[in-house]
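Participant: The structure file start39.cif (mmCIF, N, CA and C atoms) is provided below.
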```
data_work
loop_
_atom_site.label_atom_id
_atom_site.label_comp_id
_atom_site.auth_asym_id
_atom_site.auth_seq_id
_atom_site.Cartn_x
_atom_site.Cartn_y
_atom_site.Cartn_z
N MET A 1 96.44 -79.53 -78.52
CA MET A 1 96.64 -80.31 -77.31
C MET A 1 96.94 -79.39 -76.13
N SER A 2 97.63 -78.29 -76.35
CA SER A 2 97.96 -77.40 -75.24
C SER A 2 96.71 -76.73 -74.69
N ASP A 3 95.68 -76.50 -75.54
CA ASP A 3 94.43 -75.92 -75.05
C ASP A 3 93.75 -76.87 -74.07
N LEU A 4 93.75 -78.17 -74.38
CA LEU A 4 93.15 -79.16 -73.50
C LEU A 4 93.93 -79.24 -72.19
N ARG A 5 95.25 -79.21 -72.27
CA ARG A 5 96.07 -79.25 -71.06
C ARG A 5 95.84 -78.01 -70.21
N ASP A 6 95.69 -76.86 -70.86
CA ASP A 6 95.40 -75.61 -70.12
C ASP A 6 94.05 -75.70 -69.41
N LEU A 7 93.05 -76.25 -70.11
CA LEU A 7 91.73 -76.40 -69.51
C LEU A 7 91.80 -77.36 -68.33
N TYR A 8 92.50 -78.47 -68.49
CA TYR A 8 92.69 -79.45 -67.42
C TYR A 8 93.28 -78.76 -66.20
N GLN A 9 94.36 -78.01 -66.39
CA GLN A 9 95.01 -77.33 -65.26
C GLN A 9 94.11 -76.28 -64.64
N GLU A 10 93.38 -75.54 -65.45
CA GLU A 10 92.49 -74.50 -64.95
C GLU A 10 91.38 -75.10 -64.08
N VAL A 11 90.78 -76.18 -64.54
CA VAL A 11 89.70 -76.83 -63.77
C VAL A 11 90.25 -77.39 -62.46
N ILE A 12 91.40 -78.06 -62.52
CA ILE A 12 92.02 -78.61 -61.31
C ILE A 12 92.30 -77.49 -60.31
N PHE A 13 92.92 -76.41 -60.76
CA PHE A 13 93.23 -75.30 -59.85
C PHE A 13 91.98 -74.68 -59.26
N ASP A 14 90.96 -74.46 -60.09
CA ASP A 14 89.73 -73.84 -59.61
C ASP A 14 89.05 -74.70 -58.54
N HIS A 15 88.88 -75.99 -58.81
CA HIS A 15 88.19 -76.87 -57.86
C HIS A 15 89.05 -77.17 -56.64
N ASN A 16 90.35 -77.06 -56.74
CA ASN A 16 91.20 -77.23 -55.57
C ASN A 16 91.12 -76.00 -54.67
N ARG A 17 91.18 -74.82 -55.27
CA ARG A 17 91.12 -73.57 -54.49
C ARG A 17 89.74 -73.32 -53.90
N ASN A 18 88.70 -73.69 -54.64
CA ASN A 18 87.32 -73.45 -54.22
C ASN A 18 86.50 -74.73 -54.38
N PRO A 19 86.78 -75.73 -53.54
CA PRO A 19 86.05 -76.99 -53.70
C PRO A 19 84.56 -76.81 -53.45
N ARG A 20 83.77 -77.41 -54.32
CA ARG A 20 82.32 -77.37 -54.18
C ARG A 20 81.89 -78.47 -53.22
N ASN A 21 80.85 -78.19 -52.45
CA ASN A 21 80.26 -79.17 -51.55
C ASN A 21 81.27 -79.70 -50.53
N PHE A 22 82.11 -78.80 -50.03
CA PHE A 22 83.13 -79.18 -49.06
C PHE A 22 82.60 -78.95 -47.65
N GLY A 23 82.74 -79.92 -46.80
CA GLY A 23 82.32 -79.82 -45.41
C GLY A 23 81.45 -81.00 -45.02
N LYS A 24 81.32 -81.20 -43.74
CA LYS A 24 80.50 -82.29 -43.23
C LYS A 24 79.04 -82.03 -43.53
N LEU A 25 78.34 -83.05 -43.95
CA LEU A 25 76.92 -82.96 -44.28
C LEU A 25 76.12 -83.52 -43.10
N GLU A 26 75.45 -82.64 -42.39
CA GLU A 26 74.62 -83.07 -41.26
C GLU A 26 73.45 -83.89 -41.79
N GLY A 27 73.14 -84.96 -41.09
CA GLY A 27 72.01 -85.80 -41.47
C GLY A 27 72.30 -86.77 -42.60
N ALA A 28 73.56 -86.95 -42.94
CA ALA A 28 73.91 -87.91 -44.00
C ALA A 28 73.48 -89.31 -43.57
N ASN A 29 72.94 -90.07 -44.50
CA ASN A 29 72.57 -91.45 -44.17
C ASN A 29 73.52 -92.49 -44.77
N HIS A 30 74.54 -92.01 -45.46
CA HIS A 30 75.63 -92.86 -45.95
C HIS A 30 76.91 -92.04 -45.84
N GLN A 31 77.97 -92.68 -45.40
CA GLN A 31 79.26 -92.01 -45.42
C GLN A 31 80.36 -93.05 -45.42
N ALA A 32 81.53 -92.63 -45.89
CA ALA A 32 82.69 -93.52 -45.93
C ALA A 32 83.94 -92.67 -45.92
N GLU A 33 85.01 -93.29 -45.47
CA GLU A 33 86.32 -92.64 -45.49
C GLU A 33 87.14 -93.26 -46.60
N GLY A 34 88.05 -92.45 -47.14
CA GLY A 34 88.94 -92.93 -48.18
C GLY A 34 90.36 -92.50 -47.89
N PHE A 35 91.32 -93.31 -48.33
CA PHE A 35 92.73 -93.04 -48.07
C PHE A 35 93.56 -93.47 -49.27
N ASN A 36 94.47 -92.60 -49.67
CA ASN A 36 95.42 -92.91 -50.73
C ASN A 36 96.81 -92.93 -50.10
N PRO A 37 97.33 -94.12 -49.79
CA PRO A 37 98.64 -94.20 -49.13
C PRO A 37 99.79 -93.64 -49.95
N LEU A 38 99.66 -93.64 -51.27
CA LEU A 38 100.72 -93.13 -52.14
C LEU A 38 100.96 -91.64 -51.89
N CYS A 39 99.89 -90.90 -51.72
CA CYS A 39 99.93 -89.44 -51.64
C CYS A 39 99.63 -88.90 -50.24
N GLY A 40 98.94 -89.73 -49.44
CA GLY A 40 98.51 -89.27 -48.13
C GLY A 40 97.14 -88.60 -48.15
N ASP A 41 96.46 -88.62 -49.29
CA ASP A 41 95.13 -88.02 -49.38
C ASP A 41 94.17 -88.78 -48.47
N ARG A 42 93.34 -88.01 -47.75
CA ARG A 42 92.30 -88.59 -46.89
C ARG A 42 91.03 -87.79 -47.09
N LEU A 43 89.92 -88.48 -47.22
CA LEU A 43 88.66 -87.76 -47.32
C LEU A 43 87.53 -88.58 -46.72
N THR A 44 86.49 -87.88 -46.34
CA THR A 44 85.24 -88.50 -45.91
C THR A 44 84.16 -88.00 -46.85
N LEU A 45 83.36 -88.92 -47.35
CA LEU A 45 82.27 -88.59 -48.26
C LEU A 45 80.96 -88.79 -47.52
N TYR A 46 80.05 -87.83 -47.67
CA TYR A 46 78.74 -87.86 -47.01
C TYR A 46 77.65 -87.83 -48.08
N LEU A 47 76.64 -88.66 -47.91
CA LEU A 47 75.52 -88.71 -48.85
C LEU A 47 74.19 -88.70 -48.10
N LYS A 48 73.22 -88.01 -48.67
CA LYS A 48 71.82 -88.16 -48.26
C LYS A 48 71.10 -88.75 -49.46
N VAL A 49 70.67 -90.00 -49.28
CA VAL A 49 69.96 -90.70 -50.33
C VAL A 49 68.52 -90.89 -49.86
N ASP A 50 67.56 -90.50 -50.67
CA ASP A 50 66.16 -90.62 -50.24
C ASP A 50 65.65 -92.04 -50.45
N GLU A 51 64.41 -92.27 -50.02
CA GLU A 51 63.82 -93.61 -50.08
C GLU A 51 63.64 -94.11 -51.51
N ALA A 52 63.64 -93.21 -52.47
CA ALA A 52 63.54 -93.61 -53.88
C ALA A 52 64.91 -93.92 -54.49
N GLY A 53 65.98 -93.78 -53.69
CA GLY A 53 67.32 -94.07 -54.19
C GLY A 53 67.96 -92.94 -54.97
N ILE A 54 67.51 -91.71 -54.70
CA ILE A 54 68.07 -90.53 -55.36
C ILE A 54 69.03 -89.83 -54.41
N ILE A 55 70.20 -89.48 -54.90
CA ILE A 55 71.17 -88.74 -54.08
C ILE A 55 70.70 -87.29 -54.01
N GLN A 56 70.20 -86.91 -52.85
CA GLN A 56 69.67 -85.56 -52.65
C GLN A 56 70.78 -84.56 -52.33
N GLU A 57 71.73 -84.98 -51.50
CA GLU A 57 72.84 -84.11 -51.13
C GLU A 57 74.11 -84.95 -51.03
N VAL A 58 75.22 -84.30 -51.28
CA VAL A 58 76.52 -84.97 -51.22
C VAL A 58 77.58 -83.93 -50.87
N SER A 59 78.49 -84.32 -50.00
CA SER A 59 79.60 -83.42 -49.67
C SER A 59 80.81 -84.27 -49.27
N PHE A 60 81.92 -83.60 -49.10
CA PHE A 60 83.14 -84.28 -48.66
C PHE A 60 83.95 -83.34 -47.80
N ASP A 61 84.82 -83.92 -46.99
CA ASP A 61 85.82 -83.12 -46.30
C ASP A 61 87.08 -83.95 -46.19
N GLY A 62 88.14 -83.32 -45.77
CA GLY A 62 89.43 -83.98 -45.67
C GLY A 62 90.50 -83.13 -46.32
N GLN A 63 91.60 -83.78 -46.60
CA GLN A 63 92.72 -83.06 -47.22
C GLN A 63 93.39 -83.96 -48.24
N GLY A 64 93.93 -83.32 -49.23
CA GLY A 64 94.61 -84.08 -50.27
C GLY A 64 95.27 -83.17 -51.27
N CYS A 65 95.88 -83.79 -52.25
CA CYS A 65 96.53 -83.04 -53.31
C CYS A 65 95.47 -82.35 -54.18
N ALA A 66 95.91 -81.49 -55.05
CA ALA A 66 94.99 -80.73 -55.89
C ALA A 66 94.11 -81.64 -56.75
N ILE A 67 94.66 -82.69 -57.28
CA ILE A 67 93.88 -83.59 -58.14
C ILE A 67 92.81 -84.31 -57.33
N SER A 68 93.17 -84.78 -56.15
CA SER A 68 92.21 -85.48 -55.29
C SER A 68 91.06 -84.58 -54.90
N VAL A 69 91.36 -83.36 -54.46
CA VAL A 69 90.32 -82.42 -54.05
C VAL A 69 89.46 -82.02 -55.24
N ALA A 70 90.08 -81.73 -56.36
CA ALA A 70 89.33 -81.32 -57.55
C ALA A 70 88.41 -82.45 -58.03
N SER A 71 88.90 -83.68 -58.02
CA SER A 71 88.09 -84.80 -58.45
C SER A 71 86.88 -84.98 -57.53
N ALA A 72 87.10 -84.88 -56.23
CA ALA A 72 85.99 -85.00 -55.27
C ALA A 72 84.98 -83.88 -55.48
N SER A 73 85.45 -82.68 -55.70
CA SER A 73 84.58 -81.54 -55.92
C SER A 73 83.73 -81.73 -57.18
N LEU A 74 84.37 -82.12 -58.27
CA LEU A 74 83.65 -82.36 -59.52
C LEU A 74 82.65 -83.51 -59.37
N MET A 75 83.07 -84.54 -58.65
CA MET A 75 82.20 -85.69 -58.45
C MET A 75 80.93 -85.28 -57.70
N THR A 76 81.08 -84.49 -56.64
CA THR A 76 79.89 -84.11 -55.86
C THR A 76 78.93 -83.30 -56.72
N GLU A 77 79.45 -82.47 -57.59
CA GLU A 77 78.57 -81.71 -58.49
C GLU A 77 77.81 -82.65 -59.43
N ALA A 78 78.49 -83.67 -59.91
CA ALA A 78 77.89 -84.58 -60.88
C ALA A 78 76.85 -85.51 -60.25
N LEU A 79 76.96 -85.79 -58.96
CA LEU A 79 76.10 -86.78 -58.32
C LEU A 79 74.77 -86.26 -57.83
N ARG A 80 74.70 -85.02 -57.47
CA ARG A 80 73.46 -84.48 -56.87
C ARG A 80 72.29 -84.68 -57.82
N GLY A 81 71.23 -85.30 -57.26
CA GLY A 81 70.01 -85.53 -58.02
C GLY A 81 70.00 -86.80 -58.85
N LYS A 82 71.08 -87.56 -58.80
CA LYS A 82 71.19 -88.78 -59.60
C LYS A 82 70.70 -90.00 -58.80
N PRO A 83 70.06 -90.95 -59.47
CA PRO A 83 69.75 -92.23 -58.83
C PRO A 83 71.06 -92.96 -58.50
N VAL A 84 71.02 -93.77 -57.46
CA VAL A 84 72.20 -94.52 -57.05
C VAL A 84 72.75 -95.36 -58.21
N ALA A 85 71.88 -95.99 -58.97
CA ALA A 85 72.34 -96.81 -60.10
C ALA A 85 73.11 -95.98 -61.11
N GLU A 86 72.68 -94.75 -61.34
CA GLU A 86 73.39 -93.88 -62.28
C GLU A 86 74.73 -93.44 -61.69
N ALA A 87 74.77 -93.22 -60.38
CA ALA A 87 76.03 -92.86 -59.72
C ALA A 87 77.04 -93.99 -59.87
N GLU A 88 76.57 -95.22 -59.73
CA GLU A 88 77.48 -96.36 -59.89
C GLU A 88 77.94 -96.50 -61.34
N ALA A 89 77.07 -96.21 -62.28
CA ALA A 89 77.46 -96.23 -63.69
C ALA A 89 78.49 -95.13 -63.98
N LEU A 90 78.31 -93.96 -63.36
CA LEU A 90 79.29 -92.87 -63.52
C LEU A 90 80.64 -93.28 -62.96
N PHE A 91 80.63 -93.94 -61.79
CA PHE A 91 81.88 -94.44 -61.21
C PHE A 91 82.60 -95.32 -62.22
N GLN A 92 81.88 -96.28 -62.79
CA GLN A 92 82.51 -97.21 -63.72
C GLN A 92 83.03 -96.50 -64.97
N ALA A 93 82.24 -95.59 -65.50
CA ALA A 93 82.65 -94.85 -66.69
C ALA A 93 83.88 -94.00 -66.41
N PHE A 94 83.90 -93.32 -65.26
CA PHE A 94 85.03 -92.47 -64.89
C PHE A 94 86.28 -93.33 -64.68
N HIS A 95 86.12 -94.43 -63.96
CA HIS A 95 87.24 -95.32 -63.70
C HIS A 95 87.81 -95.87 -65.01
N ASP A 96 86.91 -96.29 -65.90
CA ASP A 96 87.36 -96.79 -67.20
C ASP A 96 88.08 -95.72 -68.00
N LEU A 97 87.57 -94.50 -67.95
CA LEU A 97 88.19 -93.39 -68.68
C LEU A 97 89.65 -93.22 -68.27
N LEU A 98 89.92 -93.33 -66.97
CA LEU A 98 91.28 -93.10 -66.49
C LEU A 98 92.17 -94.34 -66.52
N THR A 99 91.57 -95.52 -66.55
CA THR A 99 92.41 -96.71 -66.48
C THR A 99 92.58 -97.44 -67.80
N ASP A 100 91.51 -97.54 -68.60
CA ASP A 100 91.69 -98.25 -69.86
C ASP A 100 91.50 -97.37 -71.08
N GLY A 101 91.05 -96.14 -70.85
CA GLY A 101 90.96 -95.17 -71.92
C GLY A 101 89.85 -95.38 -72.91
N HIS A 102 89.03 -96.39 -72.72
CA HIS A 102 87.94 -96.63 -73.66
C HIS A 102 86.83 -95.62 -73.45
N GLY A 103 86.23 -95.24 -74.54
CA GLY A 103 85.10 -94.33 -74.48
C GLY A 103 83.91 -95.01 -73.83
N HIS A 104 83.00 -94.21 -73.38
CA HIS A 104 81.80 -94.73 -72.74
C HIS A 104 80.59 -94.05 -73.32
N GLU A 105 79.47 -94.73 -73.22
CA GLU A 105 78.23 -94.16 -73.72
C GLU A 105 77.72 -93.06 -72.81
N LEU A 106 78.13 -93.08 -71.55
CA LEU A 106 77.68 -92.06 -70.61
C LEU A 106 78.36 -90.73 -70.90
N ASP A 107 77.60 -89.67 -70.79
CA ASP A 107 78.16 -88.33 -70.92
C ASP A 107 78.76 -87.96 -69.57
N LEU A 108 80.06 -87.83 -69.51
CA LEU A 108 80.73 -87.51 -68.26
C LEU A 108 80.75 -86.02 -67.97
N GLY A 109 80.32 -85.21 -68.90
CA GLY A 109 80.27 -83.77 -68.68
C GLY A 109 81.62 -83.22 -68.28
N LYS A 110 81.64 -82.38 -67.24
CA LYS A 110 82.88 -81.76 -66.76
C LYS A 110 83.90 -82.77 -66.29
N LEU A 111 83.45 -83.94 -65.87
CA LEU A 111 84.37 -84.97 -65.38
C LEU A 111 85.38 -85.38 -66.46
N LYS A 112 85.00 -85.23 -67.70
CA LYS A 112 85.86 -85.61 -68.82
C LYS A 112 87.20 -84.86 -68.80
N VAL A 113 87.20 -83.66 -68.24
CA VAL A 113 88.44 -82.89 -68.21
C VAL A 113 89.52 -83.61 -67.39
N LEU A 114 89.11 -84.46 -66.45
CA LEU A 114 90.09 -85.19 -65.65
C LEU A 114 90.79 -86.30 -66.43
N GLU A 115 90.39 -86.50 -67.67
CA GLU A 115 91.08 -87.46 -68.52
C GLU A 115 92.56 -87.09 -68.65
N GLY A 116 92.86 -85.81 -68.47
CA GLY A 116 94.25 -85.35 -68.52
C GLY A 116 95.14 -86.00 -67.49
N VAL A 117 94.56 -86.57 -66.44
CA VAL A 117 95.34 -87.25 -65.40
C VAL A 117 96.07 -88.45 -65.99
N LYS A 118 95.54 -89.03 -67.06
CA LYS A 118 96.19 -90.19 -67.66
C LYS A 118 97.63 -89.88 -68.08
N ALA A 119 97.92 -88.62 -68.32
CA ALA A 119 99.29 -88.24 -68.69
C ALA A 119 100.25 -88.38 -67.51
N TYR A 120 99.69 -88.57 -66.32
CA TYR A 120 100.48 -88.70 -65.09
C TYR A 120 100.00 -89.96 -64.36
N PRO A 121 100.44 -91.14 -64.80
CA PRO A 121 99.91 -92.40 -64.25
C PRO A 121 99.94 -92.51 -62.73
N SER A 122 100.93 -91.95 -62.09
CA SER A 122 100.99 -92.04 -60.63
C SER A 122 99.89 -91.23 -59.96
N ARG A 123 99.22 -90.36 -60.70
CA ARG A 123 98.17 -89.50 -60.13
C ARG A 123 96.76 -90.06 -60.34
N ILE A 124 96.64 -91.16 -61.06
CA ILE A 124 95.31 -91.74 -61.30
C ILE A 124 94.64 -92.12 -59.99
N LYS A 125 95.42 -92.64 -59.05
CA LYS A 125 94.86 -93.00 -57.75
C LYS A 125 94.34 -91.78 -57.00
N CYS A 126 94.97 -90.65 -57.21
CA CYS A 126 94.50 -89.40 -56.59
C CYS A 126 93.12 -89.03 -57.15
N ALA A 127 92.97 -89.16 -58.46
CA ALA A 127 91.73 -88.78 -59.11
C ALA A 127 90.59 -89.75 -58.82
N THR A 128 90.91 -91.01 -58.54
CA THR A 128 89.84 -92.00 -58.32
C THR A 128 89.51 -92.22 -56.85
N LEU A 129 90.26 -91.63 -55.93
CA LEU A 129 90.01 -91.85 -54.50
C LEU A 129 88.57 -91.53 -54.11
N ALA A 130 88.07 -90.37 -54.47
CA ALA A 130 86.70 -89.99 -54.10
C ALA A 130 85.69 -90.99 -54.67
N TRP A 131 85.96 -91.49 -55.85
CA TRP A 131 85.04 -92.42 -56.51
C TRP A 131 85.01 -93.77 -55.80
N HIS A 132 86.17 -94.26 -55.38
CA HIS A 132 86.21 -95.50 -54.60
C HIS A 132 85.51 -95.30 -53.26
N THR A 133 85.66 -94.12 -52.70
CA THR A 133 85.00 -93.80 -51.44
C THR A 133 83.48 -93.75 -51.64
N LEU A 134 83.04 -93.26 -52.78
CA LEU A 134 81.62 -93.28 -53.12
C LEU A 134 81.09 -94.70 -53.10
N GLU A 135 81.79 -95.60 -53.75
CA GLU A 135 81.36 -97.01 -53.77
C GLU A 135 81.23 -97.55 -52.35
N SER A 136 82.20 -97.25 -51.50
CA SER A 136 82.14 -97.70 -50.11
C SER A 136 80.94 -97.11 -49.39
N ALA A 137 80.68 -95.83 -49.60
CA ALA A 137 79.55 -95.17 -48.94
C ALA A 137 78.22 -95.76 -49.40
N LEU A 138 78.08 -95.99 -50.69
CA LEU A 138 76.83 -96.53 -51.21
C LEU A 138 76.54 -97.94 -50.69
N HIS A 139 77.61 -98.68 -50.39
CA HIS A 139 77.45 -100.06 -49.92
C HIS A 139 77.66 -100.18 -48.42
N ASP A 140 77.72 -99.02 -47.74
CA ASP A 140 77.86 -98.97 -46.27
C ASP A 140 79.01 -99.84 -45.76
N GLU A 141 80.13 -99.78 -46.46
CA GLU A 141 81.31 -100.53 -46.03
C GLU A 141 81.98 -99.79 -44.89
N GLU A 142 82.41 -100.53 -43.89
CA GLU A 142 82.99 -99.90 -42.71
C GLU A 142 84.49 -99.64 -42.85
N GLN A 143 85.17 -100.45 -43.64
CA GLN A 143 86.60 -100.24 -43.84
C GLN A 143 86.82 -99.04 -44.76
N PRO A 144 87.82 -98.22 -44.47
CA PRO A 144 88.10 -97.09 -45.38
C PRO A 144 88.41 -97.59 -46.78
N ALA A 145 87.93 -96.85 -47.76
CA ALA A 145 88.28 -97.16 -49.15
C ALA A 145 89.75 -96.81 -49.34
N SER A 146 90.44 -97.61 -50.10
CA SER A 146 91.85 -97.36 -50.36
C SER A 146 92.11 -97.52 -51.84
N THR A 147 93.08 -96.78 -52.31
CA THR A 147 93.45 -96.88 -53.73
C THR A 147 94.48 -97.98 -53.95
N GLU A 148 94.83 -98.70 -52.91
CA GLU A 148 95.77 -99.82 -53.04
C GLU A 148 95.05 -101.09 -53.39
#
```
Could you quickly redo this structure as C-alpha cells?

Facilitator:
Amino acid sequence: MSDLRDLYQEVIFDHNRNPRNFGKLEGANHQAEGFNPLCGDRLTLYLKVDEAGIIQEVSFDGQGCAISVASASLMTEALRGKPVAEAEALFQAFHDLLTDGHGHELDLGKLKVLEGVKAYPSRIKCATLAWHTLESALHDEEQPASTE
C-alpha cells in the first residue's frame, strides 16, 4: 500500500510542479470557468473541438491546490484526440471512481492514480473540479462550474 501512496504523491507533485497543457488556448471554441469554494481553486478550461466532435486541443489556466492542478493536468493529457462522447464517459468513470469506488469498464490509465484522493474525502472536490468544468465547457454553460 505504501508503494501506491508513494506513486500517488509522486504523480501529484510532478503534475503540480510541471502542469501539462497549462495556459490559455487561442482559438478555443469551448471554454468554461470552475470554482471550488472549499479550497479557493479557480480554473478556466479551453477546448478546440472539430466538426467531427473530436477534442483536438485542450488546456487550462488558473490557480489551485496541488491536487486540483494535477487533476486538470492529467485530464488534459487524457482528453486530447478523444471524441466528446468518450470524454463524457471518462468524466463519469473518473467521478464514480472517486465518489462511489466502483470499478469501471473504461481504462482510466494514469487517471487511476488519483484514486488515492479517496483517502482524503475533503479533497475529492479538488480532484473533480477540472472534470466538472469540462462538462460545463462541453455544454457551453455560462455559469462557472462549482464543486458545491

Participant: Could you name the residues that touch segment 24-34 of chain A at 6.5 Å or less, counting all atoms listed in the file, but leaving out those on the same chain fewer than 2 positions away, as a PyMOL selection string?

Facilitator: chain A and resi 22+36+41-49+59-61+129+133+136-138+140-141+143-146

Participant: In Å, with one decimal, what is the gap from atom CA of Gly53 of chain A to atom N of Val84 of chain A?

Facilitator: 4.9 Å

Participant: Rank nothing, just name the residue among A:Thr147, A:Phe35, A:Leu79, A:Tyr120 nearest to Ile55 of chain A, using all atoms listed in the file.

Facilitator: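 Ranked by minimum distance to Ile55 of chain A, first place goes to A:Leu79.
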
Participant: So how far away is atom C of Pro19 of chain A from atom CA of Val113 of chain A, in Å?

Facilitator: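 Calculated distance between atom CA of Val113 of chain A and atom C of Pro19 of chain A is 16.4 Å.
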
Participant: Find the residue from A:Cys126, A:Asp100, A:Glu10, A:Val58 that sits nearest to Met75 of chain A; use only N, CA and C atoms when measuring.

Facilitator: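 So, comparing all the options, the nearest one is A:Val58.
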
Participant: Nearest to Ala93 of chain A: which of A:Ala127, A:Asp50, A:Val69, A:Leu108 is it, counting all atoms listed in the file?

Facilitator: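 Of the candidates, the smallest distance to Ala93 of chain A is held by A:Leu108.
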
Participant: Give me, as a compact mmCIF listing (two decimals) with N, CA and C atoms, keeping the file's coordinate frame, the residues of segment 44-139 of chain A that a backbone DSSP run labels alpha helix (DSSP H).

Facilitator:
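The resulting file, part_29.txt, is shown below:
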```txt
# COMPACT_ATOMS: atom_id res chain seq x y z
N ALA A 66 95.91 -81.49 -55.05
CA ALA A 66 94.99 -80.73 -55.89
C ALA A 66 94.11 -81.64 -56.75
N ILE A 67 94.66 -82.69 -57.28
CA ILE A 67 93.88 -83.59 -58.14
C ILE A 67 92.81 -84.31 -57.33
N SER A 68 93.17 -84.78 -56.15
CA SER A 68 92.21 -85.48 -55.29
C SER A 68 91.06 -84.58 -54.90
N VAL A 69 91.36 -83.36 -54.46
CA VAL A 69 90.32 -82.42 -54.05
C VAL A 69 89.46 -82.02 -55.24
N ALA A 70 90.08 -81.73 -56.36
CA ALA A 70 89.33 -81.32 -57.55
C ALA A 70 88.41 -82.45 -58.03
N SER A 71 88.90 -83.68 -58.02
CA SER A 71 88.09 -84.80 -58.45
C SER A 71 86.88 -84.98 -57.53
N ALA A 72 87.10 -84.88 -56.23
CA ALA A 72 85.99 -85.00 -55.27
C ALA A 72 84.98 -83.88 -55.48
N SER A 73 85.45 -82.68 -55.70
CA SER A 73 84.58 -81.54 -55.92
C SER A 73 83.73 -81.73 -57.18
N LEU A 74 84.37 -82.12 -58.27
CA LEU A 74 83.65 -82.36 -59.52
C LEU A 74 82.65 -83.51 -59.37
N MET A 75 83.07 -84.54 -58.65
CA MET A 75 82.20 -85.69 -58.45
C MET A 75 80.93 -85.28 -57.70
N THR A 76 81.08 -84.49 -56.64
CA THR A 76 79.89 -84.11 -55.86
C THR A 76 78.93 -83.30 -56.72
N GLU A 77 79.45 -82.47 -57.59
CA GLU A 77 78.57 -81.71 -58.49
C GLU A 77 77.81 -82.65 -59.43
N ALA A 78 78.49 -83.67 -59.91
CA ALA A 78 77.89 -84.58 -60.88
C ALA A 78 76.85 -85.51 -60.25
N LEU A 79 76.96 -85.79 -58.96
CA LEU A 79 76.10 -86.78 -58.32
C LEU A 79 74.77 -86.26 -57.83
N VAL A 84 71.02 -93.77 -57.46
CA VAL A 84 72.20 -94.52 -57.05
C VAL A 84 72.75 -95.36 -58.21
N ALA A 85 71.88 -95.99 -58.97
CA ALA A 85 72.34 -96.81 -60.10
C ALA A 85 73.11 -95.98 -61.11
N GLU A 86 72.68 -94.75 -61.34
CA GLU A 86 73.39 -93.88 -62.28
C GLU A 86 74.73 -93.44 -61.69
N ALA A 87 74.77 -93.22 -60.38
CA ALA A 87 76.03 -92.86 -59.72
C ALA A 87 77.04 -93.99 -59.87
N GLU A 88 76.57 -95.22 -59.73
CA GLU A 88 77.48 -96.36 -59.89
C GLU A 88 77.94 -96.50 -61.34
N ALA A 89 77.07 -96.21 -62.28
CA ALA A 89 77.46 -96.23 -63.69
C ALA A 89 78.49 -95.13 -63.98
N LEU A 90 78.31 -93.96 -63.36
CA LEU A 90 79.29 -92.87 -63.52
C LEU A 90 80.64 -93.28 -62.96
N PHE A 91 80.63 -93.94 -61.79
CA PHE A 91 81.88 -94.44 -61.21
C PHE A 91 82.60 -95.32 -62.22
N GLN A 92 81.88 -96.28 -62.79
CA GLN A 92 82.51 -97.21 -63.72
C GLN A 92 83.03 -96.50 -64.97
N ALA A 93 82.24 -95.59 -65.50
CA ALA A 93 82.65 -94.85 -66.69
C ALA A 93 83.88 -94.00 -66.41
N PHE A 94 83.90 -93.32 -65.26
CA PHE A 94 85.03 -92.47 -64.89
C PHE A 94 86.28 -93.33 -64.68
N HIS A 95 86.12 -94.43 -63.96
CA HIS A 95 87.24 -95.32 -63.70
C HIS A 95 87.81 -95.87 -65.01
N ASP A 96 86.91 -96.29 -65.90
CA ASP A 96 87.36 -96.79 -67.20
C ASP A 96 88.08 -95.72 -68.00
N LEU A 97 87.57 -94.50 -67.95
CA LEU A 97 88.19 -93.39 -68.68
C LEU A 97 89.65 -93.22 -68.27
N LEU A 98 89.92 -93.33 -66.97
CA LEU A 98 91.28 -93.10 -66.49
C LEU A 98 92.17 -94.34 -66.52
N THR A 99 91.57 -95.52 -66.55
CA THR A 99 92.41 -96.71 -66.48
C THR A 99 92.58 -97.44 -67.80
N ILE A 124 96.64 -91.16 -61.06
CA ILE A 124 95.31 -91.74 -61.30
C ILE A 124 94.64 -92.12 -59.99
N LYS A 125 95.42 -92.64 -59.05
CA LYS A 125 94.86 -93.00 -57.75
C LYS A 125 94.34 -91.78 -57.00
N CYS A 126 94.97 -90.65 -57.21
CA CYS A 126 94.50 -89.40 -56.59
C CYS A 126 93.12 -89.03 -57.15
N ALA A 127 92.97 -89.16 -58.46
CA ALA A 127 91.73 -88.78 -59.11
C ALA A 127 90.59 -89.75 -58.82
N THR A 128 90.91 -91.01 -58.54
CA THR A 128 89.84 -92.00 -58.32
C THR A 128 89.51 -92.22 -56.85
N LEU A 129 90.26 -91.63 -55.93
CA LEU A 129 90.01 -91.85 -54.50
C LEU A 129 88.57 -91.53 -54.11
N ALA A 130 88.07 -90.37 -54.47
CA ALA A 130 86.70 -89.99 -54.10
C ALA A 130 85.69 -90.99 -54.67
N TRP A 131 85.96 -91.49 -55.85
CA TRP A 131 85.04 -92.42 -56.51
C TRP A 131 85.01 -93.77 -55.80
N HIS A 132 86.17 -94.26 -55.38
CA HIS A 132 86.21 -95.50 -54.60
C HIS A 132 85.51 -95.30 -53.26
N THR A 133 85.66 -94.12 -52.70
CA THR A 133 85.00 -93.80 -51.44
C THR A 133 83.48 -93.75 -51.64
N LEU A 134 83.04 -93.26 -52.78
CA LEU A 134 81.62 -93.28 -53.12
C LEU A 134 81.09 -94.70 -53.10
N GLU A 135 81.79 -95.60 -53.75
CA GLU A 135 81.36 -97.01 -53.77
C GLU A 135 81.23 -97.55 -52.35
N SER A 136 82.20 -97.25 -51.50
CA SER A 136 82.14 -97.70 -50.11
C SER A 136 80.94 -97.11 -49.39
N ALA A 137 80.68 -95.83 -49.60
CA ALA A 137 79.55 -95.17 -48.94
C ALA A 137 78.22 -95.76 -49.40
N LEU A 138 78.08 -95.99 -50.69
CA LEU A 138 76.83 -96.53 -51.21
C LEU A 138 76.54 -97.94 -50.69
```

Participant: Please, what distance in Å, to one decimal, runs between atom N of Asp14 of chain A and atom CA of Pro83 of chain A?

Facilitator: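 Rounded to one decimal, the two atoms are 27.7 Å apart.
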
Participant: Hey, what does DSSP flag as strand (DSSP E) within chain A? Can you give it to me as a list in words?

Facilitator: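 Those residues are His30, Gln31, Ala32, Glu33, Gly34, Phe35, Asn36, Asp41, Arg42, Leu43, Thr44, Leu45, Tyr46, Leu47, Lys48, Val49, Ile55, Gln56, Glu57, Val58, Ser59, Phe60, Asp61, Gly62, Gln63, Ala145 and Ser146 of chain A.
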